[in-house]
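J.: Next comes the structure file data_29.txt, holding compact mmCIF, C-alpha atoms.
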```txt
# COMPACT_ATOMS: atom_id res chain seq x y z
CA MET F 832 74.95 -55.72 -106.52
CA PRO F 833 73.17 -54.68 -103.31
CA GLY F 834 71.63 -51.25 -103.69
CA SER F 835 71.71 -51.35 -107.47
CA PRO F 836 68.54 -50.47 -109.39
CA SER F 837 68.14 -54.07 -110.54
CA SER F 838 68.31 -55.48 -107.01
CA SER F 839 65.91 -52.83 -105.70
CA TRP F 840 63.46 -53.66 -108.48
CA ALA F 841 63.78 -57.36 -107.70
CA LEU F 842 63.01 -56.70 -104.04
CA TYR F 843 60.02 -54.59 -105.00
CA ARG F 844 58.70 -57.31 -107.31
CA ALA F 845 59.17 -59.92 -104.60
CA ARG F 846 57.31 -57.77 -102.09
CA PHE F 847 54.53 -57.12 -104.57
CA ALA F 848 54.19 -60.84 -105.32
CA SER F 849 54.16 -61.77 -101.63
CA ILE F 850 51.33 -59.33 -100.93
CA PHE F 851 49.02 -60.99 -103.43
CA GLN F 852 50.34 -64.55 -103.14
CA ASN F 853 47.63 -65.86 -100.82
CA ALA F 854 44.89 -63.44 -101.79
CA ASP F 855 41.64 -64.85 -103.15
CA THR F 856 40.87 -63.07 -106.41
CA SER F 857 37.12 -63.47 -105.90
CA VAL F 858 37.33 -61.74 -102.52
CA LEU F 859 39.38 -58.88 -103.96
CA VAL F 860 37.00 -58.35 -106.87
CA ALA F 861 33.91 -58.56 -104.65
CA PHE F 862 35.14 -56.03 -102.09
CA TRP F 863 36.47 -53.71 -104.78
CA LEU F 864 33.01 -53.67 -106.34
CA PHE F 865 31.37 -53.20 -102.93
CA GLY F 866 33.50 -50.10 -102.33
CA LEU F 867 32.91 -48.82 -105.86
CA ILE F 868 29.13 -49.15 -105.98
CA ASN F 869 28.46 -48.19 -102.36
CA ASN F 870 30.21 -44.84 -102.83
CA VAL F 871 29.79 -44.00 -106.50
CA LEU F 872 26.25 -42.59 -106.23
CA TYR F 873 27.33 -40.38 -103.33
CA VAL F 874 30.05 -38.91 -105.56
CA ILE F 875 27.77 -38.47 -108.55
CA ILE F 876 25.27 -36.58 -106.38
CA LEU F 877 27.96 -34.22 -105.07
CA SER F 878 29.33 -33.72 -108.59
CA ALA F 879 25.82 -32.80 -109.73
CA ALA F 880 25.14 -30.51 -106.75
CA GLN F 881 25.64 -27.31 -108.72
CA ASP F 882 23.36 -28.48 -111.53
CA LEU F 883 20.70 -29.62 -109.05
CA VAL F 884 20.39 -26.44 -106.99
CA GLY F 885 22.28 -23.68 -108.88
CA SER F 886 24.15 -20.79 -107.27
CA ASP F 887 21.25 -19.50 -105.16
CA VAL F 888 21.23 -22.56 -102.86
CA PRO F 889 24.43 -23.44 -100.95
CA LYS F 890 26.02 -26.71 -102.05
CA GLY F 891 26.33 -27.51 -98.37
CA LEU F 892 22.59 -28.28 -98.41
CA VAL F 893 23.17 -31.09 -100.91
CA LEU F 894 26.12 -32.27 -98.84
CA LEU F 895 23.99 -32.40 -95.68
CA ALA F 896 21.20 -34.31 -97.42
CA ASP F 897 23.83 -36.65 -98.84
CA VAL F 898 25.58 -37.37 -95.56
CA LEU F 899 23.39 -36.57 -92.53
CA PRO F 900 21.18 -39.68 -92.93
CA SER F 901 24.36 -41.70 -93.46
CA PHE F 902 25.87 -40.23 -90.31
CA LEU F 903 22.83 -41.04 -88.19
CA THR F 904 22.77 -44.56 -89.60
CA LYS F 905 26.42 -45.12 -88.71
CA LEU F 906 25.86 -43.65 -85.27
CA ILE F 907 22.98 -45.97 -84.37
CA ALA F 908 23.14 -49.05 -86.58
CA PRO F 909 26.35 -50.70 -85.23
CA TYR F 910 24.45 -51.60 -82.05
CA PHE F 911 21.74 -53.63 -83.78
CA ILE F 912 22.52 -54.18 -87.48
CA HIS F 913 24.32 -57.45 -86.70
CA LYS F 914 20.85 -58.94 -86.17
CA VAL F 915 20.13 -58.51 -89.92
CA PRO F 916 21.82 -61.05 -92.22
CA TYR F 917 24.20 -59.64 -94.79
CA TRP F 918 22.21 -60.94 -97.79
CA LEU F 919 19.12 -59.04 -96.66
CA ARG F 920 21.14 -55.89 -96.04
CA VAL F 921 22.53 -55.94 -99.59
CA ILE F 922 19.05 -56.21 -101.11
CA ALA F 923 17.88 -53.28 -98.98
CA PHE F 924 20.92 -51.16 -99.96
CA VAL F 925 20.33 -51.74 -103.67
CA SER F 926 16.62 -50.93 -103.44
CA ALA F 927 17.05 -47.71 -101.44
CA SER F 928 19.88 -46.29 -103.55
CA SER F 929 18.13 -47.01 -106.87
CA VAL F 930 14.88 -45.41 -105.66
CA GLY F 931 16.81 -42.33 -104.58
CA MET F 932 18.53 -41.90 -107.93
CA PHE F 933 15.26 -42.37 -109.85
CA MET F 934 13.72 -39.60 -107.74
CA LEU F 935 16.61 -37.29 -108.61
CA ALA F 936 16.60 -38.11 -112.29
CA LEU F 937 12.84 -37.95 -112.85
CA THR F 938 12.11 -34.77 -110.86
CA PRO F 939 11.56 -31.89 -113.32
CA PRO F 940 13.90 -28.86 -112.94
CA GLU F 941 11.02 -26.60 -111.96
CA ARG F 942 9.93 -28.83 -109.04
CA SER F 943 10.90 -28.16 -105.44
CA VAL F 944 14.46 -28.72 -104.30
CA GLY F 945 12.92 -30.68 -101.43
CA VAL F 946 11.85 -33.52 -103.75
CA LYS F 947 15.39 -33.83 -105.03
CA MET F 948 16.77 -33.80 -101.51
CA ALA F 949 14.41 -36.65 -100.58
CA GLY F 950 16.02 -38.72 -103.31
CA VAL F 951 19.46 -37.81 -101.99
CA ILE F 952 18.38 -38.98 -98.51
CA PHE F 953 17.39 -42.43 -99.80
CA ALA F 954 20.80 -42.86 -101.43
CA SER F 955 22.52 -41.58 -98.28
CA LEU F 956 20.79 -44.09 -96.00
CA SER F 957 21.91 -46.90 -98.27
CA SER F 958 25.49 -45.65 -98.46
CA GLY F 959 25.88 -45.22 -94.70
CA ALA F 960 24.50 -48.63 -93.80
CA GLY F 961 26.49 -50.16 -96.63
CA GLU F 962 29.78 -48.69 -95.46
CA LEU F 963 29.55 -49.92 -91.88
CA SER F 964 28.27 -53.32 -93.09
CA PHE F 965 31.01 -53.92 -95.64
CA LEU F 966 33.72 -52.67 -93.30
CA GLY F 967 32.40 -55.14 -90.73
CA LEU F 968 32.41 -57.84 -93.41
CA THR F 969 36.16 -57.36 -93.99
CA HIS F 970 36.64 -58.88 -90.52
CA TYR F 971 35.78 -62.29 -92.01
CA TYR F 972 37.96 -61.96 -95.12
CA GLY F 973 41.23 -60.47 -93.88
CA HIS F 974 43.46 -57.48 -94.59
CA MET F 975 43.39 -57.76 -98.37
CA SER F 976 39.61 -57.38 -98.38
CA LEU F 977 40.09 -54.04 -96.59
CA ALA F 978 42.68 -53.00 -99.18
CA ALA F 979 40.26 -53.93 -101.98
CA TRP F 980 37.41 -52.06 -100.28
CA GLY F 981 39.59 -48.97 -99.86
CA SER F 982 40.67 -49.08 -103.48
CA GLY F 983 37.06 -49.51 -104.60
CA THR F 984 35.87 -46.51 -102.59
CA GLY F 985 38.68 -44.45 -104.08
CA ALA F 986 37.76 -45.66 -107.55
CA ALA F 987 34.15 -44.69 -106.84
CA GLY F 988 35.22 -41.10 -106.41
CA LEU F 989 37.29 -41.14 -109.55
CA ILE F 990 34.73 -42.97 -111.68
CA GLY F 991 31.73 -41.08 -110.29
CA ALA F 992 33.23 -37.63 -110.77
CA GLY F 993 34.84 -38.63 -114.06
CA LEU F 994 31.64 -40.08 -115.50
CA TYR F 995 29.67 -37.00 -114.61
CA VAL F 996 32.23 -34.68 -116.20
CA MET F 997 32.46 -36.91 -119.27
CA PHE F 998 28.71 -37.26 -119.74
CA THR F 999 27.74 -33.62 -119.16
CA ASP F 1000 30.79 -31.72 -120.45
CA TRP F 1001 32.50 -33.87 -123.05
CA ILE F 1002 29.71 -35.99 -124.56
CA GLY F 1003 26.90 -33.51 -123.92
CA PHE F 1004 24.40 -35.77 -122.15
CA SER F 1005 21.72 -34.05 -120.13
CA VAL F 1006 21.92 -34.02 -116.34
CA ARG F 1007 18.66 -36.01 -116.22
CA HIS F 1008 19.94 -38.80 -118.47
CA SER F 1009 23.26 -38.96 -116.62
CA LEU F 1010 21.49 -39.44 -113.29
CA LEU F 1011 19.00 -41.90 -114.76
CA ALA F 1012 21.78 -44.15 -116.05
CA SER F 1013 23.45 -44.15 -112.62
CA ALA F 1014 20.27 -45.49 -110.99
CA PHE F 1015 21.05 -48.93 -112.42
CA LEU F 1016 24.58 -49.13 -111.00
CA PRO F 1017 23.56 -50.68 -107.64
CA VAL F 1018 22.59 -53.91 -109.42
CA ILE F 1019 26.32 -54.63 -109.61
CA MET F 1020 26.33 -54.94 -105.81
CA LEU F 1021 23.87 -57.84 -106.04
CA VAL F 1022 26.09 -59.61 -108.56
CA SER F 1023 29.14 -59.04 -106.37
CA PHE F 1024 27.59 -60.44 -103.18
CA PHE F 1025 25.54 -63.34 -104.54
CA LEU F 1026 27.73 -64.48 -107.46
CA ILE F 1027 31.33 -63.38 -106.84
CA LEU F 1028 31.97 -63.34 -103.09
CA PRO F 1029 32.85 -66.75 -101.56
CA ARG F 1030 30.45 -67.21 -98.67
CA GLY F 1031 32.48 -69.84 -96.79
CA PRO F 1032 34.48 -67.48 -94.51
CA LEU F 1033 31.31 -65.58 -93.57
CA ARG F 1034 29.41 -68.78 -92.67
CA GLN F 1035 32.33 -70.13 -90.65
CA GLY F 1036 32.90 -66.85 -88.84
CA LYS F 1037 29.22 -66.42 -88.04
CA GLY F 1038 28.97 -70.00 -86.82
CA ALA F 1039 31.90 -69.59 -84.47
CA ARG F 1040 30.67 -66.24 -83.16
CA ASP F 1041 27.06 -67.33 -82.68
CA TYR F 1042 27.94 -70.48 -80.74
CA ARG F 1043 26.70 -70.34 -77.18
CA PRO F 1044 27.23 -73.17 -74.71
CA ILE F 1045 24.11 -74.60 -73.08
CA PRO F 1046 24.06 -73.81 -69.37
CA ASP F 1047 24.99 -76.76 -67.18
CA ARG F 1048 22.19 -78.48 -65.40
CA ASP F 1049 22.20 -80.95 -62.57
CA LEU F 1050 22.46 -84.32 -64.26
CA GLY F 1051 22.17 -87.69 -62.74
CA ARG F 1052 24.75 -90.44 -62.88
CA ASP F 1053 23.56 -91.55 -66.31
CA GLY F 1054 23.67 -88.05 -67.81
CA ILE F 1055 19.88 -87.70 -67.51
CA GLU F 1056 18.43 -84.56 -65.97
CA ASP F 1057 16.99 -85.18 -62.54
CA ASP F 1058 13.20 -85.12 -62.38
CA PRO F 1059 11.81 -81.86 -61.05
CA PRO F 1060 9.64 -81.94 -57.97
CA THR F 1061 6.06 -82.71 -58.90
CA VAL F 1062 2.92 -81.41 -57.29
CA ASN F 1063 0.41 -82.59 -59.86
CA ALA F 1064 0.36 -83.57 -63.50
CA THR F 1065 -0.17 -80.03 -64.73
CA SER F 1066 2.65 -78.50 -62.72
CA SER F 1067 5.03 -81.27 -63.63
CA LEU F 1068 4.45 -80.58 -67.32
CA LEU F 1069 4.35 -76.77 -67.36
CA VAL F 1070 6.42 -75.31 -64.54
CA PRO F 1071 9.89 -76.57 -65.49
CA GLU F 1072 9.63 -75.38 -69.09
CA SER F 1073 8.24 -72.02 -67.98
CA ARG F 1074 11.15 -71.50 -65.63
CA ILE F 1075 13.67 -72.50 -68.25
CA ALA F 1076 12.15 -70.14 -70.82
CA SER F 1077 12.02 -67.29 -68.32
CA ALA F 1078 15.61 -67.86 -67.29
CA ALA F 1079 16.72 -67.95 -70.93
CA LEU F 1080 14.89 -64.68 -71.65
CA GLU F 1081 16.45 -62.99 -68.64
CA ALA F 1082 19.88 -64.25 -69.69
CA ASP F 1083 19.40 -62.94 -73.23
CA ASN F 1084 18.32 -59.51 -71.96
CA ALA F 1085 21.24 -59.31 -69.56
CA ASP F 1086 23.59 -60.43 -72.33
CA ALA F 1087 22.24 -57.76 -74.70
CA LEU F 1088 22.67 -55.01 -72.09
CA HIS F 1089 26.16 -56.24 -71.30
CA LYS F 1090 27.12 -56.17 -75.00
CA LEU F 1091 25.67 -52.68 -75.43
CA GLY F 1092 27.66 -51.37 -72.49
CA ALA F 1093 30.82 -53.07 -73.74
CA ASN F 1094 30.36 -51.60 -77.22
CA ILE F 1095 29.89 -48.08 -75.82
CA ARG F 1096 33.13 -48.46 -73.85
CA ARG F 1097 34.88 -49.70 -76.99
CA ALA F 1098 33.62 -46.74 -78.99
CA ARG F 1099 34.99 -44.32 -76.37
CA SER F 1100 38.39 -46.00 -76.52
CA LEU F 1101 38.46 -45.57 -80.32
CA PHE F 1102 37.89 -41.81 -80.30
CA LEU F 1103 41.36 -40.32 -79.80
CA PRO F 1104 43.55 -42.75 -81.76
CA TYR F 1105 41.22 -43.33 -84.71
CA MET F 1106 37.99 -41.33 -84.78
CA LEU F 1107 39.36 -37.84 -84.13
CA PRO F 1108 41.99 -37.69 -86.93
CA LEU F 1109 39.45 -39.14 -89.36
CA LEU F 1110 36.86 -36.58 -88.23
CA LEU F 1111 39.35 -33.72 -88.57
CA VAL F 1112 40.47 -34.57 -92.09
CA TYR F 1113 36.89 -34.88 -93.30
CA VAL F 1114 35.80 -31.57 -91.77
CA ALA F 1115 38.65 -29.83 -93.57
CA GLU F 1116 38.35 -31.46 -96.97
CA TYR F 1117 34.58 -31.28 -97.30
CA THR F 1118 34.56 -27.66 -96.19
CA ILE F 1119 36.95 -27.11 -99.09
CA ASN F 1120 34.85 -29.17 -101.51
CA GLN F 1121 31.44 -27.71 -100.72
CA GLY F 1122 32.13 -24.34 -99.12
CA VAL F 1123 35.28 -23.02 -100.77
CA SER F 1124 35.75 -24.67 -104.17
CA PRO F 1125 32.50 -23.21 -105.66
CA THR F 1126 34.15 -19.80 -105.23
CA LEU F 1127 37.58 -20.76 -106.63
CA LEU F 1128 36.87 -19.18 -110.00
CA PHE F 1129 39.10 -17.47 -112.56
CA PRO F 1130 38.44 -15.49 -115.76
CA LEU F 1131 37.34 -18.01 -118.38
CA GLU F 1132 39.93 -16.86 -120.92
CA SER F 1133 42.73 -17.95 -118.56
CA THR F 1134 41.26 -21.43 -118.02
CA PRO F 1135 40.41 -24.51 -120.12
CA PHE F 1136 36.68 -24.01 -119.46
CA ARG F 1137 33.83 -22.51 -121.45
CA GLU F 1138 31.42 -21.93 -118.55
CA TYR F 1139 31.80 -21.14 -114.86
CA ARG F 1140 29.84 -24.27 -113.94
CA ASP F 1141 32.71 -26.36 -115.33
CA PHE F 1142 35.10 -25.48 -112.49
CA TYR F 1143 33.19 -27.36 -109.79
CA PRO F 1144 32.97 -30.81 -111.46
CA MET F 1145 36.65 -30.62 -112.45
CA TYR F 1146 37.70 -29.84 -108.88
CA GLY F 1147 35.65 -32.82 -107.76
CA PHE F 1148 37.29 -35.08 -110.33
CA LEU F 1149 40.83 -34.07 -109.30
CA TYR F 1150 39.99 -34.53 -105.61
CA GLN F 1151 38.63 -38.01 -106.28
CA LEU F 1152 41.68 -38.89 -108.37
CA GLY F 1153 43.88 -38.16 -105.37
CA VAL F 1154 41.56 -40.16 -103.10
CA PHE F 1155 41.70 -43.15 -105.44
CA ILE F 1156 45.48 -43.18 -105.61
CA SER F 1157 45.99 -42.91 -101.86
CA ARG F 1158 43.28 -45.41 -100.92
CA SER F 1159 44.78 -47.90 -103.37
CA SER F 1160 48.25 -47.56 -101.84
CA ILE F 1161 47.52 -49.25 -98.50
CA ALA F 1162 49.14 -52.53 -99.61
CA PHE F 1163 52.43 -50.70 -100.21
CA ILE F 1164 52.51 -47.57 -98.01
CA ARG F 1165 51.38 -47.36 -94.39
CA ILE F 1166 50.91 -44.17 -92.37
CA LYS F 1167 50.80 -44.79 -88.63
CA HIS F 1168 50.77 -41.16 -87.42
CA LEU F 1169 47.25 -40.21 -88.50
CA TYR F 1170 47.22 -36.68 -87.09
CA PHE F 1171 50.01 -35.40 -89.35
CA PRO F 1172 48.12 -35.67 -92.68
CA SER F 1173 44.96 -34.44 -90.94
CA LEU F 1174 46.71 -31.21 -89.92
CA LEU F 1175 48.12 -30.82 -93.43
CA GLN F 1176 44.53 -30.95 -94.68
CA VAL F 1177 43.60 -28.11 -92.35
CA GLY F 1178 46.47 -26.17 -93.94
CA ASN F 1179 44.89 -26.72 -97.38
CA LEU F 1180 41.62 -25.29 -96.08
CA VAL F 1181 43.35 -22.17 -94.77
CA ILE F 1182 45.26 -21.55 -98.02
CA LEU F 1183 42.26 -21.95 -100.33
CA THR F 1184 40.00 -19.87 -98.10
CA LEU F 1185 42.54 -17.05 -98.07
CA HIS F 1186 42.76 -17.24 -101.86
CA ALA F 1187 38.95 -17.03 -102.17
CA LEU F 1188 39.07 -13.85 -100.08
CA LEU F 1189 42.28 -12.26 -101.33
CA PRO F 1190 43.25 -13.94 -104.62
CA PHE F 1191 46.97 -14.61 -104.68
CA ILE F 1192 47.23 -17.92 -106.59
CA PRO F 1193 48.03 -16.79 -110.14
CA SER F 1194 46.67 -19.76 -112.10
CA VAL F 1195 43.84 -22.26 -111.89
CA TYR F 1196 46.35 -25.01 -112.58
CA LEU F 1197 47.99 -24.41 -109.20
CA VAL F 1198 44.55 -24.78 -107.60
CA PHE F 1199 44.23 -28.07 -109.50
CA ILE F 1200 47.43 -29.30 -107.81
CA ILE F 1201 46.23 -28.29 -104.33
CA ILE F 1202 42.88 -30.01 -104.85
CA PHE F 1203 44.65 -33.18 -106.02
CA TRP F 1204 46.91 -33.03 -102.94
CA GLU F 1205 43.80 -32.62 -100.80
CA GLY F 1206 42.45 -35.88 -102.20
CA LEU F 1207 45.72 -37.71 -101.52
CA LEU F 1208 45.65 -36.65 -97.86
CA GLY F 1209 41.99 -37.47 -97.32
CA GLY F 1210 42.21 -40.93 -98.88
CA ALA F 1211 45.38 -41.76 -96.96
CA VAL F 1212 43.87 -40.94 -93.56
CA TYR F 1213 40.71 -42.92 -94.34
CA VAL F 1214 42.29 -46.19 -95.38
CA ASN F 1215 45.16 -46.07 -92.87
CA THR F 1216 42.74 -45.48 -90.01
CA PHE F 1217 40.97 -48.76 -90.72
CA ALA F 1218 44.27 -50.53 -91.39
CA GLU F 1219 45.47 -49.49 -87.93
CA ILE F 1220 42.28 -50.88 -86.41
CA MET F 1221 42.75 -54.18 -88.26
CA GLN F 1222 46.29 -54.37 -86.87
CA ASN F 1223 45.85 -53.13 -83.30
CA VAL F 1224 42.31 -53.99 -82.16
CA PRO F 1225 41.69 -57.51 -80.77
CA THR F 1226 39.89 -59.88 -83.12
CA SER F 1227 36.83 -60.16 -80.87
CA GLU F 1228 36.28 -56.38 -81.02
CA ARG F 1229 37.35 -55.75 -84.60
CA GLU F 1230 34.05 -56.06 -86.47
CA PHE F 1231 32.32 -53.57 -84.17
CA SER F 1232 35.33 -51.21 -84.13
CA LEU F 1233 35.53 -51.03 -87.92
CA GLY F 1234 31.84 -50.18 -88.20
CA ALA F 1235 31.76 -47.75 -85.27
CA THR F 1236 34.79 -45.76 -86.48
CA SER F 1237 33.13 -45.20 -89.85
CA VAL F 1238 30.84 -42.69 -88.10
CA SER F 1239 33.75 -40.24 -87.99
CA ASP F 1240 33.89 -39.56 -91.71
CA SER F 1241 30.14 -38.94 -91.90
CA GLY F 1242 30.27 -36.85 -88.72
CA GLY F 1243 33.06 -34.75 -90.20
CA ILE F 1244 31.14 -34.29 -93.43
CA CYS F 1245 28.02 -33.22 -91.49
CA ILE F 1246 30.00 -30.58 -89.63
CA ALA F 1247 31.53 -29.46 -92.92
CA GLY F 1248 28.06 -29.28 -94.47
CA PHE F 1249 26.80 -26.83 -91.86
CA VAL F 1250 30.01 -24.78 -92.08
CA SER F 1251 29.91 -24.81 -95.88
CA MET F 1252 26.34 -23.53 -96.11
CA ALA F 1253 27.40 -20.32 -94.39
CA MET F 1254 30.91 -20.20 -95.80
CA GLU F 1255 30.00 -20.41 -99.50
CA VAL F 1256 27.42 -17.63 -99.17
CA ARG F 1257 29.82 -15.36 -97.28
CA LEU F 1258 32.71 -15.96 -99.68
CA CYS F 1259 30.52 -15.40 -102.73
CA ASP F 1260 29.08 -12.17 -101.29
CA TRP F 1261 32.59 -10.98 -100.45
CA GLN F 1262 33.74 -11.64 -104.03
CA VAL F 1263 30.74 -9.86 -105.54
CA HIS F 1264 31.32 -6.87 -103.24
CA HIS F 1265 34.93 -6.74 -104.46
CA GLY F 1266 34.10 -6.85 -108.16
CA ARG F 1267 34.23 -10.61 -108.85
CA ASP F 1268 30.67 -11.76 -109.55
CA TRP F 1269 31.53 -15.04 -111.29
CA CYS F 1270 29.97 -17.16 -108.52
CA LYS F 1271 26.56 -15.60 -109.29
CA LYS F 1272 26.66 -16.65 -112.95
CA ILE F 1273 25.91 -20.35 -112.30
CA GLN F 1274 22.28 -21.44 -112.61
CA VAL F 1275 20.30 -24.66 -112.10
CA SER F 1276 20.66 -26.95 -115.11
CA GLN F 1277 17.53 -27.08 -117.28
CA ARG F 1278 18.68 -30.16 -119.21
```
What is this file in structure tokens?

T.:
Amino acid sequence: MPGSPSSSWALYRARFASIFQNADTSVLVAFWLFGLINNVLYVIILSAAQDLVGSDVPKGLVLLADVLPSFLTKLIAPYFIHKVPYWLRVIAFVSASSVGMFMLALTPPERSVGVKMAGVIFASLSSGAGELSFLGLTHYYGHMSLAAWGSGTGAAGLIGAGLYVMFTDWIGFSVRHSLLASAFLPVIMLVSFFLILPRGPLRQGKGARDYRPIPDRDLGRDGIEDDPPTVNATSSLLVPESRIASAALEADNADALHKLGANIRRARSLFLPYMLPLLLVYVAEYTINQGVSPTLLFPLESTPFREYRDFYPMYGFLYQLGVFISRSSIAFIRIKHLYFPSLLQVGNLVILTLHALLPFIPSVYLVFIIIFWEGLLGGAVYVNTFAEIMQNVPTSEREFSLGATSVSDSGGICIAGFVSMAMEVRLCDWQVHHGRDWCKKIQVSQR
């Protein structure tokens, strides 16, 4: 019967099957792994922020070191990174991110925070360039590659935060050994690009895009170029080629300037419909994550934790769980009005900030729910923003638009980092002044 549970389930199964009917499994696996590995180190670093710097240094400093280089990369690189082949980019990403994690893992606890932040910067540069590159790469592999990338980035949050909680809290590994093991994860990106991803669509797309017709010349009746005027043997040999080379160089320079101007105009047209809602949601959620959540503490006897340091990684895990679920839902649920979930995220920031100042939420488990909801909203805006670009932006502009819009999430996180550095300190001082000194009882990990 129409409308019966059985018919509804049949329609759902048919829709599910149609979504994946023509999808190439190798493409899905490759892009899922790209999203996972490109983002997982970023998440591990943020999960370890409290153990890396303790309570005396704002977690916003780690956030800034983790995202500011990425932001600058996304801001500048879209205008020239297309000159670098994808295979070379992947090798560079793997090298930079592994070096960064080794610096973090091998720096003794008593050494300067600056050395650790240098390692974070290496990983951040790799992550930022990787995100705009792989988003641009989805242009050659279709909508399902974007869905796989989005799911992989969501899984990175879940796996990164979950692994860190599992290693340090449940199994009892040291922070150093947990970070050292993560330094080998980028190798998976090499396997994904060189062994799993079919390279045919990329070669075909590049070949079609790079084709440039040879300028017409004045040909004789037999299709042979007319002889140039000759003055002497030397001029007849050298002058024509010199002029042709000079003209080609001038044409290339003019073409490059024209493309740069066109790309700047495209970026401006992307701001209101796509960049601004993505920027807004990231400002709100990362201000929560780095500026507010370190102060969302409760008496230990009313929580499932043994130490105050345990709150922060758990909040990060629940946030990433929500991000994973929402980023993986793009094949089934589409959100076209991007500002609505962005404004809901701002509401989450207001509620949790008020609770940090004037505690009115009676249980940590309610905070868990809000943090999970925060992750759902953030992941939904991210993946639906790029889905809207894939659907609405012309094919010729799509690769650039996908990469250029990715600057919004890093820009939002940078803003949140600066806000969080001040906000966490102020909230913690307020709590101590009002008899709640829990935020001062968290120290740098010595393990």

J.: List the spatial neighbours of Ala1014 in chain F as a ChimeraX atom specification - criterion: any atom at most 12 Å away, all atoms listed in the file, same-chain residues fewer than 3 positions off excluded.

T.: /F:868,871-873,875-876,925-937,950-951,953-954,1007-1011,1017-1019

J.: Quick one, how far is CA of Arg1099 in chain F from CA of Leu906 in chain F?

T.: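 These two atoms are separated by 12.8 Å.
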
J.: Between F:Val1224, F:Leu1028, F:Val946, F:Met1254, single out the one closest to Gly1122 in chain F, counting only C-alpha atoms.

T.: F:Met1254

J.: Sorted by chain and rising residue number, which residues of range 952-1030 of chain F lie within 8 Å of range 879-899 of chain F, and what are their closest atom pairs and distances in Å to one decimal, counting only C-alpha atoms, as a Markdown table?

T.:
```
| residue | atom | partner | partner_atom | distance |
| --- | --- | --- | --- | --- |
| F:Ile952 | CA | F:Ala896 | CA | 5.6 |
| F:Ala954 | CA | F:Asp897 | CA | 7.4 |
| F:Ser955 | CA | F:Asp897 | CA | 5.1 |
| F:Gly959 | CA | F:Val898 | CA | 7.9 |
| F:Tyr995 | CA | F:Ala879 | CA | 7.5 |
| F:Val1006 | CA | F:Asp882 | CA | 7.5 |
```

J.: Choose the residue, out of F:Val944, F:Leu1180, F:Leu1021, F:Ile1002, that has the smallest atom-to-atom separation from Leu919 in chain F; count only C-alpha atoms.

T.: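 Residue with the minimum atom-to-atom distance to Leu919 in chain F: F:Leu1021.
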
J.: Just checking: using only C-alpha atoms, which residue out of F:Arg1229, F:Asp855, F:Arg920, F:Phe1155 ends up closest to Pro1032 in chain F?

T.: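 Going through F:Arg1229, F:Asp855, F:Arg920, F:Phe1155 one by one, the smallest distance to Pro1032 in chain F is for F:Asp855.
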
J.: Which neighbours of range 1256-1267 of chain F fall inside 10 Å, counting only C-alpha atoms, when residues of the same chain fewer than 3 positions from it are skipped, and could you give them as a ChimeraX atom specification?

T.: /F:886-891,1122-1123,1125-1130,1184,1187-1190,1251-1253,1270-1271

J.: List every protein, DNA or RNA residue that has at least one atom no more than 10 Å from (40.5, -34.1, -104.1) in the file's coordinates, counting only C-alpha atoms, and write the result as a ChimeraX atom specification.

T.: /F:988-989,1116-1117,1119-1120,1145-1155,1199-1210

J.: Using all atoms listed in the file, which of the listed residues (F:Phe998, F:Ile1095, F:Phe865, F:Arg1140) sits closest to Leu968 in chain F?

T.: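 Among the listed residues, the smallest separation from Leu968 in chain F belongs to F:Phe865.
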
J.: Taking only residues of range 1213-1232 of chain F that have an atom at most 10 Å from an atom of range 981-986 of chain F, what is each one's shortest atom pair and its distance in Å to one decimal, using all atoms listed in the file, in chain and number order, as a Markdown table?

T.:
```
| residue | atom | partner | partner_atom | distance |
| --- | --- | --- | --- | --- |
| F:Tyr1213 | CA | F:Gly981 | CA | 8.3 |
| F:Val1214 | CA | F:Gly981 | CA | 5.9 |
| F:Asn1215 | CA | F:Gly981 | CA | 9.4 |
| F:Phe1217 | CA | F:Gly981 | CA | 9.2 |
| F:Ala1218 | CA | F:Gly981 | CA | 9.8 |
```
